[in-house]
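Scroll down for the structure; my scribbles are underneath it.
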Amino acid sequence: MSETQDKGLAADARSAGARVGLTSDQIIINGGRPLRGRIEVRGAKNLATKAMVAALLGQTTSVLRNVPNISDVRVVAGLLALHGVVISKGDDDEWILNPENVERAHMADIDAHAGSSRIPILFCGPLLHRLGEAFIPDLGGCRIGDRPIDFHLNALRKFGAQVAKLSNGISLTAPNGLKGANIELPYPSVGATEQVLLTAVLADGQTELRNAAIEPEIVDLICVLQKMGAIITMEPNRVIFIEGVKSLRGYNHRAIFDRNEVASWASAALATNGDIFVVGAKQEEMMTFLNIYRKVGGDFAIEDDGIRFWRGAKKLTPVVVETDVHPGFMTDWQQPLVVALTMAEGVSKIHETVYENRFGFTDALNKMGAKIEVYKDGLDDGTRRVKRREFEQAAVISGPTKLTGANIEVPDLRGGFSHLIAALTATGQSEVSNIGIISRGYENFIEKLKTLGADFIYEG
Ligand code: EPU
């Protein structure tokens, strides 16, 4: 299908939405139709936004390609622009970021712009290097637990930053500049690892980071920084060694594909008994997901230009999954997969070990007919492979159950995508509201749903 036809179909669905009085935050889905077709995965939200922040560190213009058209990217662009970065767009998915005139921004403006994102915390190091001070507003992001920033602040203090808590955020200064440090993270946090990288590259001296996150998006950020002139060595056992340099230049980089988007559409193919080819998906970064997908009864074919996903087995098989840091099963993959697990014959268990509150989306699934029990303090039942974390939780999914359409409200980004899948799978009609959250992380998902033959009404 051509892009013009695709846009035409989405427009038809939109005018129908106007007729039934839908807002742009709602979608009505008629379930039961398998999703079939070919869609393209975009660059990773969790790399693109960080690479945009990295542009602040350069003396010259950076070019980032394969940037997803999602609201988190627009929030970061707004914050960069407030700090004097001149941003223009090249071809469709290319952003050009010129940081030659970085300047202070007004606290109130920063606060107003940052609203729904957690990325502002990563501005600390780059702004301290460029301006000698930073103001970071209270952070947004999905409501999936406490999401503290203690690892970030402790690391920044080790570099020599002084942190003052304000009523609406934090203010940082570095009266004696930033100096390389020895840092060991209590947990391989993605954000804290990025914080250390973005600060250490221009700090005076060497930084050794132990217990670092090693997610593919982190490796891609290291590639960005190396292009800028940084010297970063990834060593065995989660150790990253950074030799500070005096200055950095701009980069030209194509963002790694979004692993979470791939897992989401793959799960949609499994749950709806469809067949989706995701252009741009790659095997290596998806290995752990692919293993679980196969165990549940999904099948896949790996091609040079993407991965095709479909349901291989007649009956789906229950699984036990522990979410974990890379190379484990990502916390962002469990929500879409859980919908397929409601159809598996038997009891599946998901141990969520990364965030302490990531099963809010299961309420809606239960309302639609699923049998999912959430154990808020986790479940120690001998099925665990890794050591229990203090605040983990578990979901036990008993299947098979049939989902029936219902009115449901999206609680967070990944939970929201699982609601879409549930509605697409259910018998009858569902009204899904608060879908704006989904556009924080999924580019053009409405158009993609249309391309894949979903039956829905939407007023955009
Ligand atoms: N943590 C702390 N203190 C800190 C930082 C983290 O206790 O200072 C804890 C968190 O509360 C959590 C755990 O450490 O329990 C892991 O958090 P991490 O820092 O690794 O996550 P993050 O950087 O906040 C990123 C992604 C998440 C993704 C996680 C795990 C971005 C913007 N967000 O979050 O993505 O789930 O890594 O891979 O990169 C999403 O895309 O929907 C999303 C939530």
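Identifiers in this document derive from the order of the structure tokens: chains are assigned A, B, ..., residues are numbered from 1 separately in each chain, and ligands are numbered from 1 in order of occurrence.
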Restrict the calculation to only C-alpha atoms and all ligand atoms, then for each residue of chain A with any atom at most 6 Å from an atom of ligand 1 give the closest atom pair and their distance in Å to one decimal, rows by chain and rising residue number, as a Markdown table.
```
| residue | atom | partner | partner_atom_place_in_ligand_line | distance |
| --- | --- | --- | --- | --- |
| A:Asn46 | CA | ligand 1 | 39 (O) | 4.1 |
| A:Arg118 | CA | ligand 1 | 32 (C) | 5.9 |
| A:Ile119 | CA | ligand 1 | 32 (C) | 5.8 |
| A:Asp146 | CA | ligand 1 | 11 (O) | 5.9 |
| A:Arg147 | CA | ligand 1 | 11 (O) | 3.7 |
| A:Pro148 | CA | ligand 1 | 3 (N) | 4.5 |
| A:Ile149 | CA | ligand 1 | 8 (O) | 3.2 |
| A:Asp150 | CA | ligand 1 | 8 (O) | 4.0 |
| A:Phe151 | CA | ligand 1 | 8 (O) | 3.5 |
| A:His152 | CA | ligand 1 | 8 (O) | 4.9 |
| A:Ser189 | CA | ligand 1 | 20 (O) | 3.4 |
| A:Val190 | CA | ligand 1 | 20 (O) | 3.7 |
| A:Gly191 | CA | ligand 1 | 23 (O) | 3.3 |
| A:Ala192 | CA | ligand 1 | 19 (O) | 5.7 |
| A:Thr331 | CA | ligand 1 | 36 (O) | 5.6 |
| A:Asp332 | CA | ligand 1 | 36 (O) | 5.3 |
| A:Val354 | CA | ligand 1 | 15 (O) | 4.8 |
| A:Tyr355 | CA | ligand 1 | 15 (O) | 4.1 |
| A:Leu413 | CA | ligand 1 | 42 (O) | 5.5 |
| A:Arg414 | CA | ligand 1 | 42 (O) | 5.6 |
```
task = If you run DSSP over the backbone, which residues in range 41-259 of chain A end up strand (DSSP E or B)? Put them as number ranges by chain.
result = A: 43, 58, 62-65, 86-89, 95-98, 133-137, 162-166, 169-173, 179, 182-184, 204, 206-210, 231-235, 239-243, 248, 252-254, 257
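Each of A:Asn182, A:Thr362, A:Thr451, A:Thr425 was checked against Leu270 in chain A using only C-alpha atoms; the smallest atom-to-atom distance is that of A:Thr425.
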key: Spatial neighbours of Thr272 in chain A, max dist 9 Å, only C-alpha atoms, sep filter under 4 positions, as a count of residues only   = 14
Go through range 112-218 of chain A and flag each residue having an atom no more than 12 Å from range 37-45 of chain A; for those, report the closest pair of atoms plus their distance in Å to one decimal, using only C-alpha atoms, ordered by chain and rising number, as JSON lines.
```
{"residue": "A:Ser117", "atom": "CA", "partner": "A:Lys45", "partner_atom": "CA", "distance": 11.5}
{"residue": "A:Arg118", "atom": "CA", "partner": "A:Lys45", "partner_atom": "CA", "distance": 11.9}
{"residue": "A:Ile119", "atom": "CA", "partner": "A:Lys45", "partner_atom": "CA", "distance": 10.6}
{"residue": "A:Glu215", "atom": "CA", "partner": "A:Ala44", "partner_atom": "CA", "distance": 11.9}
{"residue": "A:Pro216", "atom": "CA", "partner": "A:Ala44", "partner_atom": "CA", "distance": 10.0}
{"residue": "A:Glu217", "atom": "CA", "partner": "A:Ala44", "partner_atom": "CA", "distance": 7.6}
{"residue": "A:Ile218", "atom": "CA", "partner": "A:Ala44", "partner_atom": "CA", "distance": 11.1}
```
Next, write the just-selected residues to a file, as a PDB file, in the first residue's frame, keeping N, CA and C atoms as the atom set.
```pdb
ATOM      1  N   SER A 117       8.134  14.191  30.586  1.00  0.00           N
ATOM      2  CA  SER A 117       9.284  13.351  30.233  1.00  0.00           C
ATOM      3  C   SER A 117      10.272  13.219  31.389  1.00  0.00           C
ATOM      4  N   ARG A 118      11.066  12.148  31.340  1.00  0.00           N
ATOM      5  CA  ARG A 118      12.131  11.970  32.345  1.00  0.00           C
ATOM      6  C   ARG A 118      13.495  12.364  31.793  1.00  0.00           C
ATOM      7  N   ILE A 119      13.561  12.678  30.513  1.00  0.00           N
ATOM      8  CA  ILE A 119      14.861  12.955  29.897  1.00  0.00           C
ATOM      9  C   ILE A 119      15.551  14.193  30.498  1.00  0.00           C
ATOM     10  N   GLU A 215      22.591  -1.916  27.908  1.00  0.00           N
ATOM     11  CA  GLU A 215      21.532  -2.050  26.909  1.00  0.00           C
ATOM     12  C   GLU A 215      22.044  -1.602  25.530  1.00  0.00           C
ATOM     13  N   PRO A 216      21.519  -2.160  24.447  1.00  0.00           N
ATOM     14  CA  PRO A 216      21.954  -1.738  23.103  1.00  0.00           C
ATOM     15  C   PRO A 216      21.840  -0.224  22.901  1.00  0.00           C
ATOM     16  N   GLU A 217      20.862   0.416  23.549  1.00  0.00           N
ATOM     17  CA  GLU A 217      20.725   1.878  23.398  1.00  0.00           C
ATOM     18  C   GLU A 217      21.898   2.595  24.074  1.00  0.00           C
ATOM     19  N   ILE A 218      22.429   1.990  25.145  1.00  0.00           N
ATOM     20  CA  ILE A 218      23.608   2.571  25.816  1.00  0.00           C
ATOM     21  C   ILE A 218      24.813   2.443  24.878  1.00  0.00           C
TER      22      ILE A 218
END
```
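Omitting Gln195 in chain A and its sequence neighbours fewer than 5 positions away, and counting only C-alpha atoms, the residues within 10 Å are A:Lys50, A:Ile121, A:Leu122, A:Phe123, A:Cys124, A:Gly125, A:Pro126, A:Phe151, A:His152, A:Leu153, A:Ala155, A:Leu156, A:Ser189, A:Val190, A:Ala200.
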Just-selected residues, N, CA, C and O atoms written as a JSON list (two decimals), in the first residue's frame:
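Printed below is again-v3.json as written:
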```json
[["chain", "number", "residue", "atom", "x", "y", "z"],
["A", 50, "LYS", "N", 18.30, 10.68, 24.03],
["A", 50, "LYS", "CA", 19.59, 10.84, 24.72],
["A", 50, "LYS", "C", 20.65, 11.40, 23.76],
["A", 50, "LYS", "O", 21.48, 12.22, 24.14],
["A", 121, "ILE", "N", 16.50, 15.04, 33.24],
["A", 121, "ILE", "CA", 17.54, 14.75, 34.23],
["A", 121, "ILE", "C", 18.90, 14.57, 33.54],
["A", 121, "ILE", "O", 19.95, 14.82, 34.12],
["A", 122, "LEU", "N", 18.87, 14.17, 32.26],
["A", 122, "LEU", "CA", 20.14, 13.93, 31.56],
["A", 122, "LEU", "C", 20.79, 15.23, 31.06],
["A", 122, "LEU", "O", 21.89, 15.21, 30.53],
["A", 123, "PHE", "N", 20.10, 16.34, 31.25],
["A", 123, "PHE", "CA", 20.71, 17.63, 30.86],
["A", 123, "PHE", "C", 21.76, 18.07, 31.88],
["A", 123, "PHE", "O", 22.51, 19.02, 31.62],
["A", 124, "CYS", "N", 21.80, 17.43, 33.06],
["A", 124, "CYS", "CA", 22.68, 17.91, 34.14],
["A", 124, "CYS", "C", 24.12, 18.08, 33.70],
["A", 124, "CYS", "O", 24.66, 19.20, 33.75],
["A", 125, "GLY", "N", 24.76, 16.98, 33.30],
["A", 125, "GLY", "CA", 26.19, 17.04, 32.96],
["A", 125, "GLY", "C", 26.44, 18.01, 31.80],
["A", 125, "GLY", "O", 27.28, 18.92, 31.92],
["A", 126, "PRO", "N", 25.73, 17.82, 30.66],
["A", 126, "PRO", "CA", 25.98, 18.72, 29.52],
["A", 126, "PRO", "C", 25.79, 20.20, 29.88],
["A", 126, "PRO", "O", 26.62, 21.04, 29.50],
["A", 151, "PHE", "N", 20.59, 7.69, 42.22],
["A", 151, "PHE", "CA", 21.84, 7.23, 41.57],
["A", 151, "PHE", "C", 22.44, 8.37, 40.75],
["A", 151, "PHE", "O", 23.65, 8.55, 40.69],
["A", 152, "HIS", "N", 21.54, 9.12, 40.09],
["A", 152, "HIS", "CA", 21.99, 10.24, 39.24],
["A", 152, "HIS", "C", 22.69, 11.28, 40.11],
["A", 152, "HIS", "O", 23.80, 11.73, 39.80],
["A", 153, "LEU", "N", 22.01, 11.67, 41.19],
["A", 153, "LEU", "CA", 22.55, 12.77, 42.00],
["A", 153, "LEU", "C", 23.84, 12.35, 42.71],
["A", 153, "LEU", "O", 24.80, 13.13, 42.78],
["A", 155, "ALA", "N", 26.02, 10.22, 41.64],
["A", 155, "ALA", "CA", 27.10, 10.20, 40.63],
["A", 155, "ALA", "C", 27.54, 11.63, 40.33],
["A", 155, "ALA", "O", 28.75, 11.93, 40.28],
["A", 156, "LEU", "N", 26.59, 12.53, 40.15],
["A", 156, "LEU", "CA", 26.94, 13.92, 39.82],
["A", 156, "LEU", "C", 27.77, 14.54, 40.95],
["A", 156, "LEU", "O", 28.73, 15.28, 40.70],
["A", 189, "SER", "N", 21.37, 0.84, 36.35],
["A", 189, "SER", "CA", 20.33, 1.75, 35.87],
["A", 189, "SER", "C", 20.71, 2.33, 34.49],
["A", 189, "SER", "O", 21.83, 2.80, 34.30],
["A", 190, "VAL", "N", 19.75, 2.29, 33.59],
["A", 190, "VAL", "CA", 19.96, 2.84, 32.24],
["A", 190, "VAL", "C", 20.22, 4.34, 32.34],
["A", 190, "VAL", "O", 21.23, 4.86, 31.84],
["A", 200, "ALA", "N", 30.96, 12.33, 32.12],
["A", 200, "ALA", "CA", 32.38, 11.95, 32.18],
["A", 200, "ALA", "C", 33.16, 12.33, 30.93],
["A", 200, "ALA", "O", 34.36, 12.59, 31.00]]
```
key: Which residue of A:Leu341, A:Leu290, A:Ala212, A:Val410 approaches Asp363 in chain A most closely, using only C-alpha atoms   = A:Val410
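Using only C-alpha atoms, the smallest distance between any of A:Asn260, A:Asp109, A:Asn66, A:Gly78 and Asp91 in chain A comes from A:Asn66.
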request  = Tell me which protein, DNA and RNA residues are within 10 Å of Ala213 in chain A, counting only C-alpha atoms, leaving out same-chain ones fewer than 5 positions away, and put them as a list of chain:residue names.
outcome  = A:Leu185, A:Tyr187, A:Pro188, A:Ser189, A:Val190, A:Gly191, A:Ala192, A:Thr193, A:Glu194, A:Ile218, A:Val219, A:Arg238, A:Val239, A:Ile240, A:Val325, A:His326, A:Pro327
Keeping N, CA, C and O atoms, export the residues of the selection given above as a CSV table (one decimal), in the first residue's frame.
```
chain,number,residue,atom,x,y,z
A,185,LEU,N,27.4,1.8,40.5
A,185,LEU,CA,25.9,2.0,40.7
A,185,LEU,C,25.4,0.8,41.5
A,185,LEU,O,25.8,-0.3,41.4
A,187,TYR,N,22.7,-0.5,41.1
A,187,TYR,CA,21.9,-1.3,40.2
A,187,TYR,C,22.2,-0.8,38.8
A,187,TYR,O,22.4,0.4,38.6
A,188,PRO,N,22.3,-1.6,37.8
A,188,PRO,CA,22.7,-1.2,36.5
A,188,PRO,C,21.6,-0.3,35.8
A,188,PRO,O,21.0,-0.7,34.8
A,189,SER,N,21.4,0.8,36.4
A,189,SER,CA,20.3,1.7,35.9
A,189,SER,C,20.7,2.3,34.5
A,189,SER,O,21.8,2.8,34.3
A,190,VAL,N,19.7,2.3,33.6
A,190,VAL,CA,20.0,2.8,32.2
A,190,VAL,C,20.2,4.3,32.3
A,190,VAL,O,21.2,4.9,31.8
A,191,GLY,N,19.3,5.0,33.0
A,191,GLY,CA,19.4,6.5,33.1
A,191,GLY,C,20.7,6.9,33.8
A,191,GLY,O,21.4,7.9,33.3
A,192,ALA,N,21.0,6.3,34.9
A,192,ALA,CA,22.2,6.7,35.6
A,192,ALA,C,23.5,6.4,34.8
A,192,ALA,O,24.5,7.2,34.9
A,193,THR,N,23.5,5.3,34.1
A,193,THR,CA,24.7,5.1,33.2
A,193,THR,C,24.8,6.2,32.2
A,193,THR,O,25.9,6.7,31.9
A,194,GLU,N,23.7,6.6,31.6
A,194,GLU,CA,23.7,7.7,30.6
A,194,GLU,C,24.2,9.0,31.2
A,194,GLU,O,25.0,9.7,30.6
A,218,ILE,N,22.4,2.0,25.1
A,218,ILE,CA,23.6,2.6,25.8
A,218,ILE,C,24.8,2.4,24.9
A,218,ILE,O,25.6,3.4,24.7
A,219,VAL,N,24.9,1.3,24.3
A,219,VAL,CA,26.1,1.1,23.4
A,219,VAL,C,26.0,2.1,22.2
A,219,VAL,O,27.0,2.6,21.7
A,238,ARG,N,30.3,-5.3,33.0
A,238,ARG,CA,29.6,-4.1,33.3
A,238,ARG,C,30.5,-2.9,33.7
A,238,ARG,O,30.1,-2.1,34.6
A,239,VAL,N,31.8,-2.9,33.3
A,239,VAL,CA,32.6,-1.8,33.6
A,239,VAL,C,32.8,-0.9,32.4
A,239,VAL,O,33.0,-1.4,31.3
A,240,ILE,N,32.6,0.4,32.6
A,240,ILE,CA,32.9,1.3,31.5
A,240,ILE,C,33.9,2.3,31.9
A,240,ILE,O,33.8,2.9,33.0
A,325,VAL,N,17.5,-6.5,33.5
A,325,VAL,CA,18.4,-5.6,32.6
A,325,VAL,C,19.0,-6.4,31.5
A,325,VAL,O,19.0,-7.6,31.5
A,326,HIS,N,19.5,-5.7,30.5
A,326,HIS,CA,20.0,-6.4,29.3
A,326,HIS,C,21.2,-7.3,29.7
A,326,HIS,O,22.0,-6.8,30.6
A,327,PRO,N,21.3,-8.5,29.3
A,327,PRO,CA,20.6,-9.1,28.1
A,327,PRO,C,19.3,-9.8,28.5
A,327,PRO,O,18.9,-10.7,27.8
```
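Take the candidates A:Met52, A:Asp92, A:Glu284, A:Ala269 and check each one against Asn69 in chain A using only C-alpha atoms; the shortest distance goes to A:Asp92.
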task = Mind checking which residues fall within 10 Å of Ala108 in chain A, counting only C-alpha atoms, ignoring those fewer than 4 positions away in the same chain, and posting them as a PyMOL selection string?
result = chain A and resi 112-113+137+168
message = as a ChimeraX atom specification, please: the residues near range 177-180 of chain A (cut-off 12 Å, only C-alpha atoms, same-chain neighbours under 5 positions excluded).
response = /A:124-133,155-162,172,196-209,241-246
Selection file, N, CA and C atoms, as a compact mmCIF listing (two decimals), in the first residue's frame:
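Output (part35.txt):
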```
# COMPACT_ATOMS: atom_id res chain seq x y z
N CYS A 124 21.80 17.43 33.06
CA CYS A 124 22.68 17.91 34.14
C CYS A 124 24.12 18.08 33.70
N GLY A 125 24.76 16.98 33.30
CA GLY A 125 26.19 17.04 32.96
C GLY A 125 26.44 18.01 31.80
N PRO A 126 25.73 17.82 30.66
CA PRO A 126 25.98 18.72 29.52
C PRO A 126 25.79 20.20 29.88
N LEU A 127 24.76 20.55 30.65
CA LEU A 127 24.57 21.97 30.99
C LEU A 127 25.65 22.46 31.95
N LEU A 128 26.05 21.58 32.88
CA LEU A 128 27.14 21.99 33.78
C LEU A 128 28.41 22.25 32.99
N HIS A 129 28.68 21.40 32.00
CA HIS A 129 29.88 21.62 31.17
C HIS A 129 29.76 22.90 30.34
N ARG A 130 28.57 23.13 29.78
CA ARG A 130 28.44 24.26 28.87
C ARG A 130 28.22 25.60 29.58
N LEU A 131 27.45 25.54 30.70
CA LEU A 131 27.03 26.80 31.33
C LEU A 131 27.51 26.95 32.78
N GLY A 132 27.98 25.86 33.35
CA GLY A 132 28.41 25.91 34.75
C GLY A 132 27.25 25.78 35.72
N GLU A 133 26.05 25.64 35.22
CA GLU A 133 24.88 25.47 36.10
C GLU A 133 23.75 24.78 35.34
N ALA A 155 26.02 10.22 41.64
CA ALA A 155 27.10 10.20 40.63
C ALA A 155 27.54 11.63 40.33
N LEU A 156 26.59 12.53 40.15
CA LEU A 156 26.94 13.92 39.82
C LEU A 156 27.77 14.54 40.95
N ARG A 157 27.40 14.22 42.19
CA ARG A 157 28.17 14.75 43.33
C ARG A 157 29.61 14.24 43.27
N LYS A 158 29.78 12.96 42.87
CA LYS A 158 31.15 12.41 42.78
C LYS A 158 31.98 13.16 41.74
N PHE A 159 31.32 13.68 40.69
CA PHE A 159 32.04 14.46 39.68
C PHE A 159 32.36 15.88 40.20
N GLY A 160 31.76 16.24 41.35
CA GLY A 160 32.02 17.56 41.92
C GLY A 160 30.86 18.53 41.80
N ALA A 161 29.71 18.04 41.36
CA ALA A 161 28.55 18.94 41.24
C ALA A 161 27.95 19.18 42.63
N GLN A 162 27.43 20.39 42.81
CA GLN A 162 26.69 20.68 44.04
C GLN A 162 25.22 20.74 43.69
N LEU A 172 21.79 22.78 40.00
CA LEU A 172 23.15 22.24 40.13
C LEU A 172 24.18 23.28 39.70
N VAL A 196 26.22 9.29 33.73
CA VAL A 196 27.67 9.22 33.93
C VAL A 196 28.40 9.43 32.60
N LEU A 197 27.92 8.78 31.55
CA LEU A 197 28.58 8.93 30.25
C LEU A 197 28.58 10.38 29.79
N LEU A 198 27.39 11.01 29.87
CA LEU A 198 27.25 12.37 29.36
C LEU A 198 28.03 13.38 30.19
N THR A 199 28.36 13.00 31.41
CA THR A 199 29.12 13.90 32.28
C THR A 199 30.62 13.62 32.17
N ALA A 200 30.96 12.33 32.12
CA ALA A 200 32.38 11.95 32.18
C ALA A 200 33.16 12.33 30.93
N VAL A 201 32.49 12.37 29.78
CA VAL A 201 33.24 12.57 28.53
C VAL A 201 34.00 13.88 28.50
N LEU A 202 33.46 14.91 29.19
CA LEU A 202 34.17 16.20 29.20
C LEU A 202 34.74 16.53 30.58
N ALA A 203 34.64 15.58 31.51
CA ALA A 203 35.18 15.84 32.86
C ALA A 203 36.71 15.77 32.79
N ASP A 204 37.32 16.40 33.76
CA ASP A 204 38.77 16.44 33.80
C ASP A 204 39.28 15.11 34.39
N GLY A 205 39.96 14.30 33.60
CA GLY A 205 40.51 13.04 34.11
C GLY A 205 39.67 11.83 33.73
N GLN A 206 39.91 10.73 34.47
CA GLN A 206 39.32 9.44 34.08
C GLN A 206 38.15 9.05 34.99
N THR A 207 37.20 8.38 34.39
CA THR A 207 36.06 7.89 35.17
C THR A 207 35.95 6.39 34.97
N GLU A 208 35.77 5.69 36.09
CA GLU A 208 35.48 4.26 35.98
C GLU A 208 34.08 4.04 36.52
N LEU A 209 33.23 3.48 35.68
CA LEU A 209 31.84 3.20 36.10
C LEU A 209 31.67 1.69 36.21
N PHE A 241 34.90 2.53 31.06
CA PHE A 241 36.02 3.39 31.41
C PHE A 241 36.02 4.58 30.45
N ILE A 242 36.02 5.79 31.02
CA ILE A 242 35.92 6.99 30.18
C ILE A 242 37.10 7.90 30.46
N GLU A 243 37.82 8.27 29.40
CA GLU A 243 38.92 9.23 29.56
C GLU A 243 38.41 10.59 29.11
N GLY A 244 38.33 11.53 30.03
CA GLY A 244 37.79 12.85 29.68
C GLY A 244 38.62 13.53 28.61
N VAL A 245 37.96 14.24 27.69
CA VAL A 245 38.68 15.01 26.67
C VAL A 245 38.31 16.49 26.84
N LYS A 246 39.08 17.35 26.17
CA LYS A 246 38.90 18.80 26.37
C LYS A 246 37.66 19.34 25.64
```
inquiry  = I need the residues in range 66-287 of chain A that are helix (DSSP H, G or I) according to DSSP; give them as a PyMOL selection string.
reply    = chain A and resi 71-82+107-114+119-131+150-158+190-200+216-228+259-271+283-287
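Computed from the coordinates, the CA of Ile372 in chain A to CA of Ala344 in chain A distance equals 12.4 Å.
In this comparison, which uses only C-alpha atoms, the residue of A:Ile29, A:Leu449, A:Ile457, A:Val319 approaching Thr427 in chain A most closely is A:Ile29.
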